[in-house]
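Source file: upload_5.txt; contents: compact mmCIF, C-alpha atoms.
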```
# COMPACT_ATOMS: atom_id res chain seq x y z
CA MET A 1 -40.39 -121.88 -2.49
CA GLN A 2 -43.01 -123.62 -0.36
CA ARG A 3 -40.90 -123.07 2.78
CA GLU A 4 -40.55 -119.36 2.08
CA HIS A 5 -44.28 -119.15 1.35
CA ARG A 6 -45.08 -120.73 4.75
CA ARG A 7 -42.69 -118.35 6.52
CA SER A 8 -44.34 -115.34 4.89
CA LEU A 9 -47.75 -116.65 5.87
CA ALA A 10 -46.63 -117.06 9.53
CA THR A 11 -45.24 -113.52 9.55
CA SER A 12 -48.36 -112.02 8.07
CA SER A 13 -50.58 -113.95 10.50
CA GLY A 14 -48.52 -112.68 13.43
CA GLU A 15 -48.86 -109.10 12.21
CA ALA A 16 -52.60 -109.63 11.69
CA ARG A 17 -52.92 -110.62 15.32
CA GLY A 18 -51.36 -107.28 16.28
CA GLY A 19 -48.08 -108.54 17.73
CA PRO A 20 -44.53 -109.54 16.77
CA PRO A 21 -43.73 -113.09 15.78
CA PRO A 22 -43.23 -115.53 18.70
CA LEU A 23 -39.58 -116.13 17.84
CA ARG A 24 -38.75 -112.43 17.98
CA ARG A 25 -40.63 -112.00 21.25
CA ARG A 26 -38.64 -114.82 22.85
CA LYS A 27 -35.41 -113.39 21.54
CA PHE A 28 -35.83 -110.03 23.30
CA PHE A 29 -37.69 -111.28 26.40
CA TRP A 30 -34.60 -111.17 28.67
CA LEU A 31 -33.13 -107.98 27.21
CA PRO A 32 -34.72 -105.56 29.77
CA TYR A 33 -33.46 -107.70 32.64
CA VAL A 34 -29.96 -107.64 31.19
CA PHE A 35 -29.96 -103.83 31.26
CA VAL A 36 -31.42 -103.68 34.79
CA ALA A 37 -29.12 -106.35 36.24
CA PRO A 38 -26.05 -104.11 36.88
CA LEU A 39 -28.12 -101.55 38.77
CA ALA A 40 -29.90 -104.28 40.74
CA LEU A 41 -26.53 -105.78 41.64
CA VAL A 42 -25.24 -102.42 42.87
CA LEU A 43 -28.37 -101.80 44.95
CA PHE A 44 -28.15 -105.29 46.43
CA SER A 45 -24.48 -104.81 47.34
CA ILE A 46 -25.01 -101.46 49.09
CA SER A 47 -28.37 -102.05 50.78
CA VAL A 48 -29.67 -105.62 50.94
CA PHE A 49 -26.37 -107.40 51.57
CA PRO A 50 -25.25 -105.07 54.43
CA LEU A 51 -28.67 -105.51 56.04
CA LEU A 52 -28.42 -109.30 55.84
CA TRP A 53 -24.84 -109.25 57.10
CA GLU A 54 -25.74 -106.96 59.99
CA SER A 55 -28.64 -109.23 60.90
CA TRP A 56 -26.23 -112.19 61.03
CA VAL A 57 -23.70 -110.22 63.11
CA SER A 58 -26.42 -109.24 65.60
CA LEU A 59 -26.90 -112.95 66.36
CA GLN A 60 -23.27 -113.37 67.39
CA ASP A 61 -21.14 -112.15 70.26
CA LEU A 62 -18.75 -110.47 67.84
CA ARG A 63 -16.22 -108.13 69.43
CA THR A 64 -12.69 -106.92 68.83
CA THR A 65 -11.22 -109.69 71.01
CA ASN A 66 -12.66 -112.56 68.93
CA ILE A 67 -13.09 -111.04 65.47
CA LEU A 68 -10.19 -113.12 64.04
CA ARG A 69 -10.78 -116.45 65.78
CA GLY A 70 -14.56 -116.55 65.33
CA ALA A 71 -17.46 -115.21 67.38
CA PRO A 72 -19.82 -117.52 69.28
CA PHE A 73 -23.42 -117.71 68.11
CA VAL A 74 -25.77 -116.30 70.78
CA GLY A 75 -29.06 -116.15 68.85
CA LEU A 76 -31.35 -113.51 70.35
CA GLY A 77 -29.03 -112.97 73.31
CA ASN A 78 -27.99 -109.48 72.17
CA TYR A 79 -31.63 -108.44 71.83
CA THR A 80 -32.50 -109.86 75.24
CA LYS A 81 -29.60 -107.95 76.74
CA LEU A 82 -30.63 -104.81 74.88
CA PHE A 83 -34.21 -104.80 76.18
CA HIS A 84 -32.86 -105.11 79.73
CA ASP A 85 -30.29 -102.36 79.26
CA PRO A 86 -31.26 -99.21 81.25
CA LEU A 87 -28.79 -97.09 79.28
CA PHE A 88 -30.58 -98.06 76.06
CA TYR A 89 -33.89 -96.82 77.44
CA HIS A 90 -32.14 -93.66 78.62
CA SER A 91 -30.89 -93.10 75.06
CA LEU A 92 -34.43 -93.53 73.72
CA HIS A 93 -35.64 -90.97 76.24
CA ILE A 94 -32.98 -88.48 75.13
CA SER A 95 -33.74 -89.19 71.46
CA LEU A 96 -37.43 -88.52 72.10
CA TYR A 97 -36.68 -85.01 73.39
CA PHE A 98 -34.23 -84.39 70.58
CA VAL A 99 -36.55 -85.59 67.79
CA ILE A 100 -39.71 -83.86 69.04
CA GLY A 101 -37.96 -80.55 69.71
CA SER A 102 -36.14 -80.58 66.37
CA ILE A 103 -39.16 -81.56 64.29
CA PHE A 104 -41.45 -79.01 65.93
CA GLY A 105 -38.97 -76.18 65.40
CA GLN A 106 -38.00 -77.18 61.85
CA PHE A 107 -41.55 -77.66 60.65
CA LEU A 108 -42.94 -74.49 62.22
CA LEU A 109 -40.11 -72.23 61.02
CA GLY A 110 -39.91 -73.95 57.64
CA LEU A 111 -43.65 -73.54 57.04
CA ILE A 112 -43.63 -69.85 58.04
CA ILE A 113 -40.64 -69.06 55.83
CA ALA A 114 -42.13 -71.04 52.93
CA LEU A 115 -45.41 -69.10 53.18
CA ILE A 116 -43.53 -65.77 53.26
CA PHE A 117 -41.40 -66.70 50.26
CA HIS A 118 -44.44 -67.95 48.38
CA ARG A 119 -46.25 -64.65 48.82
CA MET A 120 -43.17 -62.47 48.27
CA PRO A 121 -41.25 -63.83 45.28
CA GLY A 122 -39.02 -60.75 45.14
CA VAL A 123 -37.89 -61.22 48.74
CA ALA A 124 -37.43 -64.96 48.20
CA ARG A 125 -35.16 -64.36 45.20
CA TRP A 126 -32.63 -62.55 47.40
CA LEU A 127 -33.01 -64.31 50.75
CA ARG A 128 -33.41 -67.94 49.62
CA PRO A 129 -29.64 -68.49 49.08
CA VAL A 130 -28.95 -67.17 52.58
CA PHE A 131 -31.51 -69.47 54.17
CA ILE A 132 -30.22 -72.49 52.24
CA LEU A 133 -26.64 -71.97 53.46
CA PRO A 134 -27.00 -73.94 56.76
CA TRP A 135 -28.32 -76.98 54.89
CA ILE A 136 -25.42 -77.20 52.43
CA LEU A 137 -22.75 -76.93 55.12
CA SER A 138 -21.24 -80.16 56.40
CA ALA A 139 -22.24 -81.40 59.85
CA ILE A 140 -18.64 -81.07 61.07
CA ILE A 141 -18.48 -77.37 60.17
CA VAL A 142 -21.91 -76.79 61.72
CA GLY A 143 -20.85 -78.54 64.93
CA TYR A 144 -17.64 -76.59 65.42
CA SER A 145 -19.34 -73.31 64.51
CA TRP A 146 -21.99 -73.78 67.17
CA ILE A 147 -19.40 -74.88 69.73
CA TRP A 148 -17.83 -71.47 69.28
CA MET A 149 -21.21 -69.72 69.46
CA TYR A 150 -22.07 -71.59 72.69
CA ASP A 151 -18.73 -70.79 74.33
CA TYR A 152 -19.29 -69.56 77.89
CA ASN A 153 -16.80 -66.70 77.79
CA PHE A 154 -16.53 -65.62 74.16
CA GLY A 155 -19.55 -67.13 72.39
CA LEU A 156 -21.90 -64.82 70.51
CA ILE A 157 -24.98 -66.10 72.34
CA ASN A 158 -23.59 -65.43 75.80
CA LEU A 159 -22.21 -62.07 74.68
CA ALA A 160 -25.73 -61.15 73.57
CA LEU A 161 -27.14 -62.33 76.92
CA ARG A 162 -24.62 -60.22 78.81
CA ALA A 163 -25.43 -57.23 76.61
CA VAL A 164 -29.09 -57.30 77.70
CA GLY A 165 -28.24 -57.86 81.37
CA LEU A 166 -28.82 -61.63 81.57
CA HIS A 167 -26.51 -64.27 83.00
CA PRO A 168 -24.53 -66.40 80.54
CA ILE A 169 -25.43 -70.07 80.20
CA LYS A 170 -23.15 -73.09 80.09
CA TRP A 171 -24.91 -74.46 77.05
CA LEU A 172 -22.87 -77.59 76.38
CA ASN A 173 -21.67 -78.25 79.94
CA ASP A 174 -25.03 -78.05 81.73
CA VAL A 175 -26.86 -81.38 82.02
CA SER A 176 -30.26 -79.72 81.66
CA MET A 177 -29.30 -77.42 78.75
CA ALA A 178 -27.02 -79.53 76.56
CA ILE A 179 -29.78 -81.41 74.74
CA TRP A 180 -31.66 -78.19 74.00
CA ALA A 181 -28.47 -76.64 72.66
CA LEU A 182 -28.29 -79.55 70.20
CA VAL A 183 -31.96 -79.06 69.34
CA ILE A 184 -31.35 -75.39 68.47
CA THR A 185 -28.38 -76.36 66.30
CA ASN A 186 -30.37 -79.04 64.50
CA ILE A 187 -33.30 -76.66 63.92
CA TRP A 188 -30.92 -74.09 62.44
CA ARG A 189 -29.44 -76.65 60.07
CA GLY A 190 -32.61 -78.55 59.13
CA THR A 191 -35.12 -75.73 58.65
CA PRO A 192 -33.94 -74.89 55.08
CA PHE A 193 -34.83 -78.38 53.87
CA THR A 194 -38.38 -78.11 55.21
CA MET A 195 -38.67 -74.60 53.79
CA LEU A 196 -37.64 -75.71 50.30
CA PHE A 197 -39.83 -78.82 50.45
CA LEU A 198 -42.98 -76.95 51.47
CA GLU A 199 -42.32 -74.00 49.18
CA ALA A 200 -42.18 -76.36 46.21
CA ALA A 201 -45.45 -77.94 47.33
CA LEU A 202 -47.10 -74.52 47.65
CA LYS A 203 -46.34 -73.77 44.01
CA ASN A 204 -48.42 -76.79 42.97
CA ILE A 205 -51.64 -75.51 44.59
CA PRO A 206 -53.97 -74.09 41.89
CA PHE A 207 -54.36 -70.33 42.22
CA GLU A 208 -58.03 -70.62 41.24
CA LEU A 209 -58.80 -72.15 44.64
CA TYR A 210 -57.54 -69.03 46.40
CA GLU A 211 -59.49 -66.76 44.06
CA ALA A 212 -62.72 -68.66 44.69
CA ALA A 213 -62.15 -68.60 48.46
CA TYR A 214 -61.54 -64.84 48.58
CA VAL A 215 -64.57 -64.21 46.37
CA ASP A 216 -66.66 -66.18 48.87
CA GLY A 217 -65.39 -63.91 51.65
CA ALA A 218 -62.84 -66.18 53.33
CA ASN A 219 -60.07 -64.56 55.39
CA SER A 220 -56.39 -65.57 55.38
CA TRP A 221 -56.70 -68.02 58.27
CA GLN A 222 -59.70 -69.75 56.70
CA VAL A 223 -57.87 -70.03 53.38
CA PHE A 224 -54.85 -71.56 55.10
CA ARG A 225 -56.96 -73.95 57.18
CA HIS A 226 -59.30 -75.19 54.45
CA ILE A 227 -57.17 -74.91 51.30
CA THR A 228 -53.44 -74.49 51.88
CA PHE A 229 -52.81 -77.00 54.65
CA PRO A 230 -55.09 -79.77 53.28
CA MET A 231 -53.35 -79.45 49.90
CA LEU A 232 -49.98 -79.65 51.67
CA ARG A 233 -50.78 -82.85 53.54
CA PRO A 234 -48.94 -85.22 51.18
CA ALA A 235 -45.82 -83.01 51.23
CA VAL A 236 -46.08 -82.58 55.00
CA ALA A 237 -46.25 -86.35 55.52
CA ILE A 238 -43.21 -87.04 53.34
CA ASN A 239 -41.26 -84.18 54.93
CA LEU A 240 -42.03 -85.34 58.47
CA ILE A 241 -40.99 -88.91 57.63
CA LEU A 242 -37.65 -87.78 56.20
CA VAL A 243 -36.90 -85.24 58.94
CA THR A 244 -37.85 -87.68 61.71
CA MET A 245 -35.57 -90.40 60.36
CA TRP A 246 -32.67 -88.00 59.80
CA THR A 247 -33.03 -86.53 63.27
CA PHE A 248 -33.38 -89.88 65.01
CA ASN A 249 -30.30 -91.20 63.19
CA LEU A 250 -28.26 -87.99 63.55
CA PHE A 251 -24.79 -88.78 64.75
CA ASP A 252 -22.00 -86.59 63.38
CA THR A 253 -23.09 -83.24 64.84
CA ILE A 254 -23.61 -84.76 68.29
CA LEU A 255 -20.23 -86.47 68.09
CA VAL A 256 -18.51 -83.17 67.32
CA MET A 257 -20.35 -81.06 69.88
CA THR A 258 -20.88 -83.24 72.98
CA GLN A 259 -19.97 -86.91 72.27
CA GLY A 260 -23.02 -87.86 74.32
CA GLY A 261 -22.07 -85.81 77.38
CA PRO A 262 -22.12 -84.28 79.86
CA ALA A 263 -23.03 -87.27 82.04
CA ASP A 264 -24.87 -88.95 79.12
CA ALA A 265 -27.25 -85.97 78.89
CA THR A 266 -27.04 -86.01 75.07
CA LEU A 267 -26.58 -89.76 74.61
CA THR A 268 -29.05 -90.39 71.79
CA THR A 269 -29.65 -93.91 70.52
CA ALA A 270 -27.46 -93.32 67.46
CA MET A 271 -24.64 -92.06 69.71
CA TYR A 272 -25.10 -95.04 72.04
CA MET A 273 -24.86 -97.44 69.10
CA TYR A 274 -21.62 -95.77 67.99
CA LYS A 275 -20.08 -96.02 71.44
CA ILE A 276 -21.05 -99.66 71.88
CA ALA A 277 -19.79 -100.76 68.46
CA PHE A 278 -16.75 -98.59 67.78
CA ARG A 279 -15.58 -97.36 71.16
CA TYR A 280 -16.16 -100.52 73.22
CA GLY A 281 -15.76 -102.94 70.30
CA LEU A 282 -19.02 -104.86 70.86
CA PHE A 283 -19.98 -105.26 67.22
CA GLY A 284 -22.71 -107.84 67.73
CA TYR A 285 -24.44 -105.78 70.39
CA GLY A 286 -24.05 -102.63 68.28
CA ALA A 287 -25.60 -104.38 65.28
CA ALA A 288 -28.60 -105.33 67.41
CA ILE A 289 -29.04 -101.68 68.42
CA ALA A 290 -28.82 -100.61 64.76
CA LEU A 291 -31.53 -103.08 63.71
CA VAL A 292 -33.81 -101.95 66.53
CA MET A 293 -33.28 -98.37 65.33
CA LEU A 294 -34.27 -99.49 61.84
CA ALA A 295 -37.46 -101.01 63.22
CA ILE A 296 -38.23 -97.79 65.12
CA ASN A 297 -37.75 -95.78 61.91
CA GLY A 298 -40.21 -98.04 60.11
CA ILE A 299 -42.78 -97.73 62.90
CA MET A 300 -42.52 -93.93 62.93
CA ALA A 301 -42.89 -93.80 59.14
CA LEU A 302 -45.97 -96.03 59.32
CA LEU A 303 -47.53 -93.82 62.01
CA TYR A 304 -46.98 -90.71 59.89
CA VAL A 305 -48.55 -92.35 56.85
CA ARG A 306 -51.55 -93.58 58.86
CA THR A 307 -52.18 -90.27 60.65
CA VAL A 308 -50.88 -87.34 58.60
CA GLY A 309 -50.29 -88.77 55.18
CA LYS A 310 -53.47 -90.59 54.12
CA ALA A 311 -53.80 -88.06 51.32
CA ALA A 312 -50.30 -88.94 50.10
CA LEU A 313 -51.45 -92.45 49.27
CA SER A 314 -54.49 -91.35 47.25
```

Go ahead and express the file in the form of structure tokens.
Amino acid sequence: MQREHRRSLATSSGEARGGPPPLRRRKFFWLPYVFVAPLALVLFSISVFPLLWESWVSLQDLRTTNILRGAPFVGLGNYTKLFHDPLFYHSLHISLYFVIGSIFGQFLLGLIIALIFHRMPGVARWLRPVFILPWILSAIIVGYSWIWMYDYNFGLINLALRAVGLHPIKWLNDVSMAIWALVITNIWRGTPFTMLFLEAALKNIPFELYEAAYVDGANSWQVFRHITFPMLRPAVAINLILVTMWTFNLFDTILVMTQGGPADATLTTAMYMYKIAFRYGLFGYGAAIALVMLAINGIMALLYVRTVGKAALS
């Protein structure tokens, strides 16, 4: 009886303090971690472990000729070789044109279409599925479709040029035009994502701000400059980060359309990494290129956050 009385007193004192008894708290302390552990293990296996393994491979001279008998450890030798590789700098130069051209076109067209759809809901209801179609198609289908459209003799683009009296263009076989042909293709495919992203952000802007601005006599440009675009800054920053990374790492469409040619005119850094690792079998050197690309992605994301996206952090 005395033992039960003491136990009841301990329970009542714990409830008086506003919390569960210490024994019960210890019993369920590890329960949340047990539920989270499977997901953490999956995330570690598909993200952290491959990154660690790739970092280790980049420190070795691993290639197809020594993959079974063991690769020699070279330390930072692959990185030293990479930063003295003129073809690597050429690929960065090509990627710069490809990324800037694609982002400029996607953002400008996506913003214009998003503004039109936001102001014309009836038009958006019918045209939105058509504009989304390029984004949901696979990169392989997009690549082969645009190869046919760029065909010198029978492509739709050159047929249109001939119809208006202009000379046809060797889009994918001209060293000076091939990269811009890829930029046009990437703009066509990536614009729907930017359009949907910015259209969703436009719906979150309070309508009262527009009413107050028009009552004060502001015109459409002033409303866009002082209300719409500042309110879109967080969405713009996130969209630019995502689009920049996707464009810089784009591989499959380029592989289908040009494979880095002609004469390395479309050899982006992602395409160069693929050729080094899987065509030439230099896995250690290819891993070093991949990690440098990861660092470049992080730097670009940081620049966007520091310049465009300060409002996204507030």

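Distances here use only C-alpha atoms; by that measure, the residue among A:Pro168, A:Gly190, A:Gly77, A:Pro86 closest to Leu250 of chain A is A:Gly190.
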
- line: re atom CA of Arg125 of chain A and atom CA of Ala200 of chain A: distance 13.9 Å

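Using only C-alpha atoms, the protein and nucleic acid residues lying at most 12 Å from the point (-18.7, -103.4, 71.8) are Ser58, Gln60, Asp61, Leu62, Arg63, Thr64, Thr65, Asn66, Ile67, Asn78, Tyr272, Met273, Tyr274, Lys275, Ile276, Ala277, Phe278, Arg279, Tyr280, Gly281, Leu282, Phe283, Gly284, Tyr285, Gly286, Ala287, Ala288 and Ile289 of chain A.
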
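Across the model, the gap from atom CA of Ile132 of chain A to atom CA of Pro192 of chain A is 5.3 Å.
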
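Residues lying within 12 Å of Asn297 of chain A, counting only C-alpha atoms and ignoring same-chain neighbours fewer than 2 positions away, are A:Val99, A:Leu240, A:Ile241, A:Leu242, A:Val243, A:Thr244, A:Met245, A:Trp246, A:Thr247, A:Phe248, A:Asn249, A:Thr269, A:Ala270, A:Ala290, A:Leu291, A:Val292, A:Met293, A:Leu294, A:Ala295, A:Ile299, A:Met300, A:Ala301, A:Leu302, A:Leu303, A:Tyr304.
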
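With all atoms listed in the file as the basis for measurement, A:Val256 is the residue among A:Phe29, A:Val256, A:Ile116, A:Val164 that approaches Trp148 of chain A most closely.
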
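In this model, the gap between atom CA of Ala235 of chain A and atom CA of Phe251 of chain A comes to 25.7 Å.
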
message: Counting only C-alpha atoms, which residue out of A:His84, A:Gln106, A:His226, A:Val57 sits closest to Trp135 of chain A?
response: A:Gln106

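Residue neighbourhood of His118 of chain A, excluding near-sequence residues (fewer than 6 positions): Ala124, Glu199, Leu202 and Lys203 of chain A, at 8 Å, using all atoms listed in the file.
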